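Peer 1: Input file: model-v7.pdb. Contents: PDB, C-alpha atoms.
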ATOM      1  CA  MET A   1     -15.892 -22.085  -0.727
ATOM      2  CA  THR A   2     -18.534 -19.390  -1.138
ATOM      3  CA  VAL A   3     -19.146 -16.600   1.356
ATOM      4  CA  SER A   4     -22.389 -18.257   2.442
ATOM      5  CA  GLU A   5     -20.723 -21.627   2.964
ATOM      6  CA  ASN A   6     -17.920 -20.040   4.936
ATOM      7  CA  LEU A   7     -20.291 -18.185   7.240
ATOM      8  CA  HIS A   8     -21.943 -21.466   8.179
ATOM      9  CA  SER A   9     -18.763 -23.527   8.413
ATOM     10  CA  SER A  10     -17.498 -24.791  11.750
ATOM     11  CA  HIS A  11     -15.171 -22.565  13.750
ATOM     12  CA  ILE A  12     -11.477 -23.377  13.496
ATOM     13  CA  GLY A  13     -10.230 -24.847  16.717
ATOM     14  CA  GLY A  14     -13.700 -24.638  18.263
ATOM     15  CA  ARG A  15     -13.397 -20.896  19.020
ATOM     16  CA  ARG A  16     -16.615 -18.921  18.696
ATOM     17  CA  TRP A  17     -15.284 -15.459  19.613
ATOM     18  CA  PRO A  18     -12.148 -13.838  18.222
ATOM     19  CA  GLU A  19      -9.124 -13.177  20.366
ATOM     20  CA  ALA A  20      -8.551  -9.430  20.830
ATOM     21  CA  LYS A  21      -4.865  -9.678  20.004
ATOM     22  CA  GLY A  22      -5.740 -11.764  16.963
ATOM     23  CA  LEU A  23      -8.073  -9.032  15.679
ATOM     24  CA  VAL A  24      -5.295  -6.470  15.960
ATOM     25  CA  GLN A  25      -2.936  -8.771  14.069
ATOM     26  CA  LEU A  26      -5.632  -9.317  11.446
ATOM     27  CA  LEU A  27      -5.597  -5.585  10.671
ATOM     28  CA  LYS A  28      -1.747  -5.520  10.488
ATOM     29  CA  PRO A  29      -1.093  -2.011  11.887
ATOM     30  CA  ILE A  30       2.462  -2.043  10.523
ATOM     31  CA  THR A  31       1.024  -1.865   6.991
ATOM     32  CA  TRP A  32      -0.923   1.324   7.715
ATOM     33  CA  PHE A  33       2.142   3.540   7.492
ATOM     34  CA  PRO A  34       2.541   3.754   3.654
ATOM     35  CA  PRO A  35      -0.955   5.107   2.856
ATOM     36  CA  MET A  36      -0.942   7.372   5.919
ATOM     37  CA  TRP A  37       2.448   8.751   4.876
ATOM     38  CA  ALA A  38       1.275   9.199   1.285
ATOM     39  CA  TYR A  39      -1.815  11.077   2.507
ATOM     40  CA  LEU A  40       0.447  13.418   4.506
ATOM     41  CA  CYS A  41       2.606  13.861   1.392
ATOM     42  CA  GLY A  42      -0.557  14.949  -0.405
ATOM     43  CA  ILE A  43      -1.346  17.419   2.379
ATOM     44  CA  VAL A  44       2.163  18.898   2.192
ATOM     45  CA  SER A  45       2.236  19.030  -1.614
ATOM     46  CA  ALA A  46      -1.077  20.905  -1.731
ATOM     47  CA  GLY A  47       0.754  23.973  -0.415
ATOM     48  CA  VAL A  48      -2.274  25.054   1.611
ATOM     49  CA  TRP A  49      -2.148  25.641   5.350
ATOM     50  CA  PRO A  50      -4.869  23.460   6.930
ATOM     51  CA  GLY A  51      -6.175  26.291   9.113
ATOM     52  CA  GLU A  52      -9.573  25.185  10.350
ATOM     53  CA  ARG A  53      -9.351  21.960   8.353
ATOM     54  CA  TRP A  54      -7.021  20.103  10.721
ATOM     55  CA  GLY A  55      -9.929  17.798  11.457
ATOM     56  CA  LEU A  56      -9.992  16.737   7.810
ATOM     57  CA  VAL A  57      -6.264  16.065   7.942
ATOM     58  CA  ALA A  58      -6.650  13.801  10.971
ATOM     59  CA  LEU A  59      -9.754  12.135   9.558
ATOM     60  CA  GLY A  60      -7.992  11.418   6.264
ATOM     61  CA  VAL A  61      -5.015   9.843   8.019
ATOM     62  CA  ILE A  62      -7.355   7.578   9.993
ATOM     63  CA  LEU A  63      -9.270   6.713   6.832
ATOM     64  CA  ALA A  64      -6.128   5.910   4.827
ATOM     65  CA  GLY A  65      -4.517   3.816   7.563
ATOM     66  CA  PRO A  66      -6.680   2.010  10.128
ATOM     67  CA  LEU A  67      -9.881   2.013   8.080
ATOM     68  CA  VAL A  68      -9.092   1.392   4.412
ATOM     69  CA  CYS A  69      -5.707  -0.286   4.798
ATOM     70  CA  GLY A  70      -6.845  -2.229   7.879
ATOM     71  CA  MET A  71      -9.942  -3.349   6.006
ATOM     72  CA  SER A  72      -7.849  -4.456   3.037
ATOM     73  CA  GLN A  73      -5.658  -6.558   5.330
ATOM     74  CA  ALA A  74      -8.676  -8.256   6.916
ATOM     75  CA  ALA A  75     -10.169  -8.943   3.483
ATOM     76  CA  ASN A  76      -6.864 -10.280   2.188
ATOM     77  CA  ASP A  77      -6.391 -12.562   5.198
ATOM     78  CA  TRP A  78      -9.885 -13.962   4.795
ATOM     79  CA  CYS A  79      -9.374 -14.576   1.072
ATOM     80  CA  ASP A  80      -5.889 -15.982   1.723
ATOM     81  CA  ARG A  81      -6.726 -18.189   4.701
ATOM     82  CA  HIS A  82      -5.817 -21.344   2.765
ATOM     83  CA  VAL A  83      -2.532 -19.840   1.538
ATOM     84  CA  ASP A  84      -1.688 -18.625   5.040
ATOM     85  CA  ALA A  85      -2.240 -22.136   6.357
ATOM     86  CA  ILE A  86       0.887 -23.011   4.338
ATOM     87  CA  ASN A  87       2.936 -19.813   4.575
ATOM     88  CA  GLU A  88       2.029 -18.517   8.023
ATOM     89  CA  PRO A  89      -0.037 -21.034  10.024
ATOM     90  CA  ASN A  90       0.229 -18.785  13.074
ATOM     91  CA  ARG A  91      -1.764 -16.030  11.354
ATOM     92  CA  PRO A  92      -5.052 -15.208  13.144
ATOM     93  CA  ILE A  93      -7.386 -17.192  10.861
ATOM     94  CA  PRO A  94      -5.465 -20.445  10.253
ATOM     95  CA  SER A  95      -4.408 -20.544  13.904
ATOM     96  CA  GLY A  96      -8.059 -20.298  14.950
ATOM     97  CA  ARG A  97      -7.595 -17.150  17.033
ATOM     98  CA  VAL A  98     -10.002 -15.307  14.719
ATOM     99  CA  PRO A  99     -12.746 -17.507  13.220
ATOM    100  CA  ALA A 100     -13.074 -17.006   9.471
ATOM    101  CA  PRO A 101     -16.670 -15.672   9.635
ATOM    102  CA  TRP A 102     -15.514 -13.009  12.095
ATOM    103  CA  ALA A 103     -12.696 -11.949   9.789
ATOM    104  CA  LEU A 104     -15.128 -11.618   6.893
ATOM    105  CA  ALA A 105     -17.555  -9.619   9.046
ATOM    106  CA  VAL A 106     -14.756  -7.268  10.112
ATOM    107  CA  ALA A 107     -13.704  -6.702   6.500
ATOM    108  CA  ILE A 108     -17.246  -5.973   5.337
ATOM    109  CA  GLY A 109     -18.058  -3.780   8.339
ATOM    110  CA  MET A 110     -14.898  -1.724   7.912
ATOM    111  CA  SER A 111     -15.641  -1.310   4.201
ATOM    112  CA  VAL A 112     -18.992   0.266   5.068
ATOM    113  CA  LEU A 113     -17.435   2.421   7.786
ATOM    114  CA  ALA A 114     -14.696   3.606   5.410
ATOM    115  CA  LEU A 115     -17.291   4.697   2.852
ATOM    116  CA  PHE A 116     -19.210   6.585   5.546
ATOM    117  CA  VAL A 117     -16.077   8.401   6.731
ATOM    118  CA  GLY A 118     -15.035   9.071   3.136
ATOM    119  CA  ARG A 119     -18.245  11.028   2.608
ATOM    120  CA  LEU A 120     -17.127  13.440   5.319
ATOM    121  CA  LEU A 121     -14.119  14.385   3.184
ATOM    122  CA  GLY A 122     -16.241  15.761   0.367
ATOM    123  CA  PRO A 123     -16.754  14.479  -3.186
ATOM    124  CA  TRP A 124     -13.055  13.987  -3.938
ATOM    125  CA  GLY A 125     -12.426  12.154  -0.694
ATOM    126  CA  PHE A 126     -15.514   9.986  -1.111
ATOM    127  CA  GLY A 127     -14.680   9.140  -4.723
ATOM    128  CA  ALA A 128     -11.162   8.105  -3.731
ATOM    129  CA  THR A 129     -12.548   5.968  -0.899
ATOM    130  CA  VAL A 130     -14.899   4.153  -3.270
ATOM    131  CA  VAL A 131     -11.978   3.366  -5.566
ATOM    132  CA  ALA A 132      -9.806   2.230  -2.639
ATOM    133  CA  VAL A 133     -12.452  -0.105  -1.213
ATOM    134  CA  PHE A 134     -13.153  -1.618  -4.626
ATOM    135  CA  ALA A 135      -9.418  -2.075  -5.257
ATOM    136  CA  ALA A 136      -8.956  -3.827  -1.907
ATOM    137  CA  TRP A 137     -11.589  -6.430  -2.700
ATOM    138  CA  ALA A 138     -10.568  -6.753  -6.364
ATOM    139  CA  TYR A 139      -7.045  -7.548  -5.235
ATOM    140  CA  SER A 140      -8.009 -10.486  -3.023
ATOM    141  CA  LEU A 141     -11.490 -11.766  -3.805
ATOM    142  CA  PRO A 142     -12.194 -14.395  -6.477
ATOM    143  CA  PRO A 143     -12.992 -14.426  -9.315
ATOM    144  CA  ILE A 144     -11.149 -11.131  -9.930
ATOM    145  CA  ARG A 145      -8.317 -11.764  -7.439
ATOM    146  CA  LEU A 146      -5.722  -9.588  -9.150
ATOM    147  CA  LYS A 147      -3.074 -10.738  -6.689
ATOM    148  CA  ARG A 148      -2.781 -13.907  -8.785
ATOM    149  CA  SER A 149      -0.821 -11.798 -11.274
ATOM    150  CA  GLY A 150       2.695 -10.673 -10.443
ATOM    151  CA  TRP A 151       2.106  -7.560 -12.541
ATOM    152  CA  TRP A 152      -1.484  -6.468 -11.930
ATOM    153  CA  GLY A 153      -1.573  -7.264  -8.213
ATOM    154  CA  PRO A 154       1.473  -5.280  -7.046
ATOM    155  CA  GLY A 155       0.573  -2.511  -9.476
ATOM    156  CA  LEU A 156      -2.898  -2.122  -8.011
ATOM    157  CA  VAL A 157      -1.582  -2.127  -4.441
ATOM    158  CA  GLY A 158       1.174   0.365  -5.271
ATOM    159  CA  LEU A 159      -1.292   2.823  -6.770
ATOM    160  CA  SER A 160      -3.722   2.269  -3.877
ATOM    161  CA  TYR A 161      -1.054   2.669  -1.184
ATOM    162  CA  GLU A 162       0.763   5.684  -2.624
ATOM    163  CA  THR A 163      -0.965   7.417  -5.537
ATOM    164  CA  LEU A 164      -4.543   7.367  -4.287
ATOM    165  CA  PRO A 165      -3.951   8.666  -0.728
ATOM    166  CA  TRP A 166      -1.472  11.278  -2.007
ATOM    167  CA  PHE A 167      -4.041  12.505  -4.538
ATOM    168  CA  THR A 168      -6.763  12.445  -1.866
ATOM    169  CA  GLY A 169      -4.767  14.437   0.678
ATOM    170  CA  ALA A 170      -4.017  17.150  -1.868
ATOM    171  CA  ALA A 171      -7.595  17.236  -3.159
ATOM    172  CA  VAL A 172      -9.198  17.403   0.286
ATOM    173  CA  LEU A 173      -7.005  20.294   1.401
ATOM    174  CA  SER A 174      -7.213  22.134  -1.923
ATOM    175  CA  LEU A 175     -10.993  21.634  -2.104
ATOM    176  CA  GLY A 176     -10.614  20.599  -5.723
ATOM    177  CA  ALA A 177      -8.476  18.761  -8.237
ATOM    178  CA  PRO A 178      -4.753  18.726  -7.339
ATOM    179  CA  SER A 179      -2.222  20.532  -9.519
ATOM    180  CA  PHE A 180      -0.484  18.867 -12.443
ATOM    181  CA  PRO A 181       2.853  18.329 -10.587
ATOM    182  CA  VAL A 182       1.022  16.711  -7.660
ATOM    183  CA  VAL A 183      -0.796  14.281  -9.936
ATOM    184  CA  VAL A 184       2.374  13.398 -11.856
ATOM    185  CA  VAL A 185       4.595  12.666  -8.843
ATOM    186  CA  ALA A 186       1.788  10.809  -7.059
ATOM    187  CA  ILE A 187       1.432   8.499 -10.059
ATOM    188  CA  LEU A 188       5.191   8.017 -10.371
ATOM    189  CA  TYR A 189       5.652   7.056  -6.727
ATOM    190  CA  GLY A 190       2.651   4.732  -6.984
ATOM    191  CA  ILE A 191       4.234   3.002  -9.985
ATOM    192  CA  GLY A 192       7.502   2.658  -8.094
ATOM    193  CA  ALA A 193       5.668   1.050  -5.189
ATOM    194  CA  HIS A 194       5.002  -1.920  -7.505
ATOM    195  CA  GLY A 195       8.559  -2.959  -6.680
ATOM    196  CA  ILE A 196       7.930  -2.694  -2.944
ATOM    197  CA  MET A 197       4.924  -4.974  -3.245
ATOM    198  CA  THR A 198       6.921  -7.474  -5.310
ATOM    199  CA  LEU A 199       9.563  -7.703  -2.583
ATOM    200  CA  ASN A 200       6.766  -8.218  -0.079
ATOM    201  CA  ASP A 201       5.696 -11.298  -2.050
ATOM    202  CA  PHE A 202       8.949 -13.062  -1.227
ATOM    203  CA  LYS A 203       7.677 -14.154   2.182
ATOM    204  CA  ALA A 204       4.773 -16.046   0.570
ATOM    205  CA  LEU A 205       6.815 -17.819  -2.081
ATOM    206  CA  GLU A 206       6.026 -21.411  -1.069
ATOM    207  CA  GLY A 207       2.326 -20.865  -0.444
ATOM    208  CA  ASP A 208       1.872 -18.845  -3.634
ATOM    209  CA  ARG A 209       3.531 -21.583  -5.659
ATOM    210  CA  ALA A 210       1.349 -24.259  -4.054
ATOM    211  CA  THR A 211      -1.913 -22.362  -4.558
ATOM    212  CA  GLY A 212      -1.362 -21.039  -8.066
ATOM    213  CA  VAL A 213      -0.635 -17.384  -7.260
ATOM    214  CA  ARG A 214       1.703 -16.260 -10.047
ATOM    215  CA  SER A 215       3.702 -13.627  -8.188
ATOM    216  CA  LEU A 216       6.932 -12.509  -9.816
ATOM    217  CA  PRO A 217       9.112 -14.455  -7.330
ATOM    218  CA  VAL A 218       7.160 -17.588  -8.325
ATOM    219  CA  VAL A 219       7.192 -16.938 -12.074
ATOM    220  CA  VAL A 220      10.760 -15.709 -12.624
ATOM    221  CA  GLY A 221      12.501 -16.711  -9.389
ATOM    222  CA  PRO A 222      13.721 -14.573  -6.471
ATOM    223  CA  GLU A 223      16.901 -13.320  -8.165
ATOM    224  CA  VAL A 224      15.223 -11.970 -11.293
ATOM    225  CA  ALA A 225      12.197 -10.730  -9.331
ATOM    226  CA  ALA A 226      14.470  -8.714  -7.043
ATOM    227  CA  LYS A 227      16.129  -7.048 -10.023
ATOM    228  CA  ILE A 228      12.761  -6.261 -11.611
ATOM    229  CA  ALA A 229      11.448  -4.848  -8.316
ATOM    230  CA  CYS A 230      14.460  -2.597  -7.818
ATOM    231  CA  THR A 231      14.347  -1.389 -11.410
ATOM    232  CA  VAL A 232      10.659  -0.549 -11.108
ATOM    233  CA  MET A 233      11.372   1.360  -7.890
ATOM    234  CA  ALA A 234      14.352   3.273  -9.266
ATOM    235  CA  LEU A 235      13.084   4.427 -12.676
ATOM    236  CA  PRO A 236      10.141   6.547 -11.411
ATOM    237  CA  GLN A 237      12.443   8.184  -8.856
ATOM    238  CA  MET A 238      14.887   9.049 -11.636
ATOM    239  CA  LEU A 239      12.058  10.665 -13.568
ATOM    240  CA  VAL A 240      11.007  12.618 -10.463
ATOM    241  CA  ILE A 241      14.573  13.906 -10.135
ATOM    242  CA  VAL A 242      14.591  15.036 -13.770
ATOM    243  CA  LEU A 243      11.234  16.760 -13.339
ATOM    244  CA  LEU A 244      12.381  18.587 -10.209
ATOM    245  CA  PHE A 245      15.362  19.953 -12.123
ATOM    246  CA  ILE A 246      13.080  20.995 -14.997
ATOM    247  CA  TRP A 247      10.637  22.611 -12.564
ATOM    248  CA  GLY A 248      13.382  24.680 -10.960
ATOM    249  CA  ARG A 249      13.804  22.711  -7.728
ATOM    250  CA  PRO A 250      17.501  21.664  -8.005
ATOM    251  CA  PHE A 251      18.268  21.348  -4.287
ATOM    252  CA  PHE A 252      15.260  19.117  -3.734
ATOM    253  CA  ALA A 253      16.285  17.099  -6.796
ATOM    254  CA  LEU A 254      19.743  16.580  -5.299
ATOM    255  CA  ALA A 255      18.213  15.453  -1.996
ATOM    256  CA  VAL A 256      16.055  12.855  -3.770
ATOM    257  CA  THR A 257      19.152  11.794  -5.740
ATOM    258  CA  ALA A 258      21.024  11.200  -2.480
ATOM    259  CA  ALA A 259      18.170   9.024  -1.202
ATOM    260  CA  LEU A 260      18.197   7.030  -4.443
ATOM    261  CA  LEU A 261      21.982   6.513  -4.338
ATOM    262  CA  LEU A 262      21.657   5.104  -0.824
ATOM    263  CA  GLN A 263      18.974   2.766  -2.152
ATOM    264  CA  PHE A 264      21.389   1.548  -4.814
ATOM    265  CA  GLY A 265      23.775   0.569  -2.037
ATOM    266  CA  ALA A 266      21.009  -1.320  -0.250
ATOM    267  CA  MET A 267      20.036  -3.021  -3.515
ATOM    268  CA  ARG A 268      23.528  -4.480  -3.842
ATOM    269  CA  VAL A 269      23.056  -6.135  -0.454
ATOM    270  CA  LEU A 270      19.629  -7.397  -1.488
ATOM    271  CA  PHE A 271      20.939  -9.017  -4.666
ATOM    272  CA  ARG A 272      23.325 -11.224  -2.671
ATOM    273  CA  ASP A 273      20.406 -13.064  -1.074
ATOM    274  CA  PRO A 274      17.083 -11.771  -2.451
ATOM    275  CA  LYS A 275      14.769 -13.990  -0.429
ATOM    276  CA  GLY A 276      16.698 -13.694   2.815
ATOM    277  CA  LYS A 277      17.383  -9.954   2.531
ATOM    278  CA  ALA A 278      13.941  -8.861   1.280
ATOM    279  CA  PRO A 279      12.644  -8.064   4.830
ATOM    280  CA  TRP A 280      15.863  -6.128   5.525
ATOM    281  CA  TYR A 281      15.457  -4.118   2.334
ATOM    282  CA  ASN A 282      11.840  -3.355   3.183
ATOM    283  CA  ALA A 283      13.125  -1.734   6.380
ATOM    284  CA  THR A 284      16.006   0.184   4.794
ATOM    285  CA  GLY A 285      15.552   0.779   1.087
ATOM    286  CA  VAL A 286      11.832   1.432   1.422
ATOM    287  CA  SER A 287      12.485   3.944   4.217
ATOM    288  CA  LEU A 288      14.719   5.862   1.831
ATOM    289  CA  TYR A 289      12.035   5.610  -0.862
ATOM    290  CA  VAL A 290       9.356   7.195   1.322
ATOM    291  CA  THR A 291      11.830   9.828   2.508
ATOM    292  CA  GLY A 292      12.202  10.863  -1.117
ATOM    293  CA  MET A 293       8.419  11.073  -1.349
ATOM    294  CA  MET A 294       8.205  13.674   1.409
ATOM    295  CA  ILE A 295      11.140  15.636   0.008
ATOM    296  CA  THR A 296       9.310  15.745  -3.312
ATOM    297  CA  ALA A 297       6.086  16.816  -1.600
ATOM    298  CA  PHE A 298       7.836  19.840  -0.112
ATOM    299  CA  ALA A 299       9.479  20.549  -3.468
ATOM    300  CA  ILE A 300       6.207  20.905  -5.362
ATOM    301  CA  ARG A 301       4.333  23.013  -2.819
ATOM    302  CA  ASN A 302       2.701  25.940  -4.624
ATOM    303  CA  LEU A 303       4.276  24.801  -7.894
ATOM    304  CA  GLU A 304       1.965  25.540 -10.789
ATOM    305  CA  ILE A 305       2.884  23.891 -14.082
ATOM    306  CA  VAL A 306       0.487  23.860 -17.024
ATOM    307  CA  PRO A 307       0.779  20.571 -18.978
TER     308      PRO A 307
END
Do you think you could lay out the structure here as structure tokens?
Peer 2:
Amino acid sequence: MTVSENLHSSHIGGRRWPEAKGLVQLLKPITWFPPMWAYLCGIVSAGVWPGERWGLVALGVILAGPLVCGMSQAANDWCDRHVDAINEPNRPIPSGRVPAPWALAVAIGMSVLALFVGRLLGPWGFGATVVAVFAAWAYSLPPIRLKRSGWWGPGLVGLSYETLPWFTGAAVLSLGAPSFPVVVVAILYGIGAHGIMTLNDFKALEGDRATGVRSLPVVVGPEVAAKIACTVMALPQMLVIVLLFIWGRPFFALAVTAALLLQFGAMRVLFRDPKGKAPWYNATGVSLYVTGMMITAFAIRNLEIVP
């Protein structure tokens, strides 16, 4: 169905106006944390006291979370309304609590608003916002719809959720390009987030299989997908640990090592029942992952390394 056809289609369940609670659920506030946290990691890693720029810090957090991430969730729900009718029929659109045209209007309106706010963060902030908005639509919207691939989709989301906001936070506060260590660790943690996104795909296994979305759990099965996800999460963290030792930050490296060892323990639990334990791991192992991110951010403050 095209955008035009959808805008003129009948309202699901006869509802003309969206339910307020349904709109909030459409934006999935729980998903805002990763990019907001990554943006704060960028702020910390910049090694610059905000001073009079606290407003930019707050504005960037709002942009990374409610605006860009919230917009991406609305866009994804609109593009996935047929999949959600199988996986999660109680979601706002398939349940009829938010008519599909409203969801599309929210996604488009928030895209425009995000670009406007991004301009207030200067050229680096605006450039990052343009990339983030494009990535959000490229992930969900046909014919690109990168989420159909179990490799490209999670990779794009991981870089958008972790690398891009981290880079943006550092650039906005530094008023220029971030340092080499900041760029390197931001990329590494974004690559590792591919595994987080793969585990998130477990909840949509049946609907993805029925609608042709080739997520890793669909293509290789939950057991193998879980092992791939954990490997992809662990390897970048190992490289971060090595780099911190090389860069003369041994105590920070040991702290990140401790967080990774605890993740290994959680991974053993996950492997016993990958599909059933994936939500549990997202609450435990991922918390340890993002803890390591902030430890690393403090480690590389004012660290100047010439590549």
Peer 1: Out of A:Ser45, A:Thr198, A:Asn282, A:Ser149, which residue has the shortest atom-to-atom distance to Ile30 (chain A) when counting only C-alpha atoms?
Peer 2: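 Checking each candidate against Ile30 (chain A), we get A:Asn282 as the closest.
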Peer 1: Give me the residues within 6 Å of region 104-111 of chain A as a list in words, counting only C-alpha atoms and dropping any in the same chain fewer than 4 places off.
Peer 2: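 What passes the distance filter is Met71, Ala74 and Ala75 of chain A.
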Peer 1: Neighbours of Thr257 (chain A) within 8 Å (all atoms listed in the file; same-chain residues fewer than 4 positions away dropped), as an MDAnalysis selection string?
Peer 2: chainID A and resid 238 241 253 261
Peer 1: Enter the distance from CA of Gly285 (chain A) to CA of Gln263 (chain A), in Å, rounded to one decimal.
Peer 2: 5.1 Å
Peer 1: Can you list what the PyMOL selection byres ((chain A and resi 94) around 10) grabs from this structure, as a short mmCIF file (atom, residue, chain, number, x, y, z; two decimals) with C-alpha atoms, in the coordinates of the input?
Peer 2:
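Result went into result_12.cif, see below:
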data_model
loop_
_atom_site.label_atom_id
_atom_site.label_comp_id
_atom_site.auth_asym_id
_atom_site.auth_seq_id
_atom_site.Cartn_x
_atom_site.Cartn_y
_atom_site.Cartn_z
CA ILE A 12 -11.48 -23.38 13.50
CA GLY A 13 -10.23 -24.85 16.72
CA ASP A 77 -6.39 -12.56 5.20
CA TRP A 78 -9.88 -13.96 4.80
CA ASP A 80 -5.89 -15.98 1.72
CA ARG A 81 -6.73 -18.19 4.70
CA HIS A 82 -5.82 -21.34 2.76
CA VAL A 83 -2.53 -19.84 1.54
CA ASP A 84 -1.69 -18.62 5.04
CA ALA A 85 -2.24 -22.14 6.36
CA ILE A 86 0.89 -23.01 4.34
CA GLU A 88 2.03 -18.52 8.02
CA PRO A 89 -0.04 -21.03 10.02
CA ASN A 90 0.23 -18.78 13.07
CA ARG A 91 -1.76 -16.03 11.35
CA PRO A 92 -5.05 -15.21 13.14
CA ILE A 93 -7.39 -17.19 10.86
CA SER A 95 -4.41 -20.54 13.90
CA GLY A 96 -8.06 -20.30 14.95
CA ARG A 97 -7.60 -17.15 17.03
CA VAL A 98 -10.00 -15.31 14.72
CA PRO A 99 -12.75 -17.51 13.22
CA ALA A 100 -13.07 -17.01 9.47
#
Peer 1: Interatomic distance between CA of Val112 (chain A) and CA of Met36 (chain A)?
Peer 2: 19.4 Å
Peer 1: Rounded to one decimal, what separation in Å do you get between CA of Leu239 (chain A) and CA of Val185 (chain A)?
Peer 2: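 We find that CA of Leu239 (chain A) and CA of Val185 (chain A) lie 9.1 Å from each other.
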Peer 1: May I have the protein, DNA and RNA residues with any atom at most 12 Å from the point (21.3, -3.8, -0.5), counting all atoms listed in the file, written as a PyMOL selection string?
Peer 2: chain A and resi 226-227+230+260-274+276-286+288
Peer 1: Spell out the residues picked by the PyMOL selection byres ((chain A and resi 229) around 12) here, as a PyMOL selection string.
Peer 2: chain A and resi 150-151+154-155+158+191-202+215-217+220-228+230-236+267+270-271+274+278+281-282+285-286
Peer 1: Looking at only C-alpha atoms, which of A:Pro66, A:Val24, A:Leu59, A:Arg145 is the one that sits closest to Gly212 (chain A)?
Peer 2: A:Arg145
Peer 1: Enumerate, as a ChimeraX atom specification, the residues matched when the PyMOL selection byres ((chain A and resi 46) around 8) is run on the file above.
Peer 2: /A:42-45,47-48,169-171,173-174,178-179,182,301-302
Peer 1: Kindly export the residues of the current selection with C-alpha atoms, as a tab-separated table (two decimals), in the frame of the given file.
Peer 2:
chain	number	residue	atom	x	y	z
A	42	GLY	CA	-0.56	14.95	-0.40
A	43	ILE	CA	-1.35	17.42	2.38
A	44	VAL	CA	2.16	18.90	2.19
A	45	SER	CA	2.24	19.03	-1.61
A	47	GLY	CA	0.75	23.97	-0.42
A	48	VAL	CA	-2.27	25.05	1.61
A	169	GLY	CA	-4.77	14.44	0.68
A	170	ALA	CA	-4.02	17.15	-1.87
A	171	ALA	CA	-7.60	17.24	-3.16
A	173	LEU	CA	-7.00	20.29	1.40
A	174	SER	CA	-7.21	22.13	-1.92
A	178	PRO	CA	-4.75	18.73	-7.34
A	179	SER	CA	-2.22	20.53	-9.52
A	182	VAL	CA	1.02	16.71	-7.66
A	301	ARG	CA	4.33	23.01	-2.82
A	302	ASN	CA	2.70	25.94	-4.62
Peer 1: Residues within 9 Å of Ser160 (chain A), please, as an MDAnalysis selection string. Count all atoms listed in the file; anything in the same chain fewer than 5 positions from it doesn't count.
Peer 2: chainID A and resid 35 131:132 135:136 155 165 190
